[in-house]
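Before any comments, here is the structure.
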Amino acid sequence: MNRQVTKDLTTGSPMRLILGFGIPLLLGMLFQQFYSMVDTMIVGQFLGVNALAAVGATGSINFMIIGFCMGVCNGFAIPVAQRFGAKDEEGLRKYVANSAWLAVIFAAVMTVLVCMFCRQILEVMNTPADIMDGSYSYIFVIFLGIPATYLYNLLSGIMRSLGDSKTPLYLLIFSSVLNIFLDLTAIIVLHMGVAGAAWATVLAQAISGICCLFVLRSKFPILHISREEAQPDRRCMVTLCNMGIPMGLQYSITAIGSVILQTAVNSLGSVAVASVTAATKIGMFLCCPYDAMGSTMATYAGQNVGAGKLKRLYQGEKACSLLGLIYSVTALGFIAVFGKWAALLFVDAGEQVIIDQVYRFLLVNGTFYFPLALVNIVRFTIQGMGFSRLAILAGVCEMIARSSVAFVLVPVFGFTAVCFASPAAWVLADLFLIPAFIHCVHRLEKRQDQWNKTAQNTLCTEGNV
């Protein structure tokens with residue numbers, strides 16, 4: 001194995017390994033959110049509040065579809081991480097090859113279907129008439145870029161499963177800078193409107209994905225796949241689908257609640273939509289550490305389960321949860337002091353109603369950041385352990401909470417209820433995930449004990465012979 005690029009997470013201090021692996025992931029996600037924020041800032045500052053609301057109105061449906069793509073790719077990477085932990089290089093390469101076959105199929109089918117029906121979806125979501133055309137122009141282009149989403153997320157997921165979180169960081173930095181340049185060119189120079197922002201995002205991700213492909217071929221000798229290993233394998237595909245589809249559905253089911261909530265927000269008017277858009281962009285930037293913790297724990301759990309080192313799962317959970325608690329307190333303090341100033345990145349100082357609503361949204365959500373940390377840490381650990389289907393139920397909990405707020409509380413309490421939708425989702429998900437994690441570890445321990453007893457009986461029988 002090429003140990004200069006890959007990284008073994010099955011030996012050493014869990015805290016040190018999680019920090020060493022997670023920091024490059026975090027930096028990459030910060031850059032990703034940075035260019036997403038710049039994208040929104042350019043739209044808001046150069047095209048106006050209506051354009052900002054038009055992009056924001058697509059946020060939940062964007063997350064539902066693109067989130068499914070990302071979830072599937074992350075799921076495909078779990079068997080790769082497990083084979084890496086088990087030192088099974090041939091099996092690892094088979095899973096990589098078959099994940100590529102499946103990604104091509106998924107990308108083609110999804111691109112056709114969602115592009116056909118995206119306007120109808122926006123209409124069902126009660127998108128305000130004054131921003132409908134802008135919303136459609138933006139999201140249609142984003143959906144055309146689904147193949148680029150699969151390309152980048154699959155290849156970067158494979159890199160992370162092998163313990164390399166630095167190369168995706170370098171590629172994201174390049175992609176971020178490119179995306180900002182393309183944004184400015186498309187909107188200011190070419191006057192392409194909100195569609196220009198979408199084209200910039202798609203093109204930057206496509207170029208980043210192509211760069212990932214070249215890097216994988218040159219830097220990872222372990223992935224030099226033979227013709228035989230590249231053949232479609234039904235058993236590998238079934239395993240990959242059992243991991244990837246539930247993980248994608250978990251993203252989408254969570255997003256269904258967001259779509260329902262977005263529909264309720266849309267009913268409050270364009271000002272509320274713009275407020276949620278700006279607050280969500282700021283919140284996503286602040287929540288990058290939780291996403292990095294989750295992705296780190298998925299790889300950490302996958303490798304350690306593959307190596308049969310189950311006690312390290314609890315050690316990793318404790319270490320990562322401590323990091324989550326420390327950051328949550330820090331993030332809340334930042335929001336309390338700088339929350340209103342952050343809103344000025346998206347609107348001018350005269351939009352006082354939007355600024356106040358953004359601050360209220362951020363403050364309420366920030367108070368519940370530690371439950372969000374646990375959602376990411378525990379759910380991704382469960383997925384890395386191989387229980388992707390069980391993790392779907394956490395998404396169901398989030399969907400139920402957001403939907404309940406949208407149907408019951410938003411019509412009565414308006415924007416204030418919107419602020420409490422995500423915190424309610426995080427708390428309900430944690431009530432399911434924490435017992436589920438303990439249950440999953442016990443199942444793996446029983447499975448390992450049975451395997452050990454079988455191996456001992458076999459040795460005894462051979463000794464008697």
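Ordering of the structure tokens sets the chain letters (A, B, ...), residue numbers begin anew at 1 in every chain, and ligands are numbered from 1 in the order given.
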Compile the contact shell of Arg234 in chain A as a list in words: residues with an atom at most 12 Å away, counting only C-alpha atoms, same-chain residues fewer than 6 positions apart removed.
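Surrounding residues, per the criterion: Lys94, Tyr95, Ala97, Asn98, Ser99, Trp101, Leu102, Leu240 and Cys241 of chain A.
Of the listed residues A:Gln45, A:Thr11, A:Thr127, A:Thr149, the one whose atoms come nearest to Val259 in chain A is A:Thr127, with distances taken using only C-alpha atoms.
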For Phe63 in chain A, please output as a short mmCIF file (atom, residue, chain, number, x, y, z; two decimals) with C-alpha atoms, in the first residue's frame all residues within 8 Å (counting only C-alpha atoms; exclusion window: fewer than 6 positions along the same chain).
```cif
data_model
loop_
_atom_site.label_atom_id
_atom_site.label_comp_id
_atom_site.auth_asym_id
_atom_site.auth_seq_id
_atom_site.Cartn_x
_atom_site.Cartn_y
_atom_site.Cartn_z
CA TYR A 251 -30.30 12.94 3.18
CA SER A 252 -33.45 13.15 1.05
CA ALA A 255 -34.65 17.28 3.11
#
```
For Val427 in chain A, which residue out of A:Gly324, A:Leu372, A:Phe413, A:Arg389 is the nearest one, using only C-alpha atoms?
A:Leu372
Residue contacts of Met29 in chain A (12 Å, only C-alpha atoms) excluding same-chain residues fewer than 3 positions away, as number ranges by chain:
A: 22-26, 32-37, 165-166, 168-173, 175-176, 284-295
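Pairwise distance (CA of Gln383 in chain A, CA of Met110 in chain A) equals 23.4 Å.
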My list of candidates is A:Cys236, A:Val215, A:Leu345, A:Ala301. Which is closest to Thr40 in chain A when distances are computed with only C-alpha atoms?
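Smallest distance to Thr40 in chain A is found for A:Leu345.
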Nearest to Leu213 in chain A: which of A:Thr10, A:Gln352, A:Asn153, A:Thr299 is it, counting only C-alpha atoms?
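Closest residue, counting only C-alpha atoms: A:Asn153.
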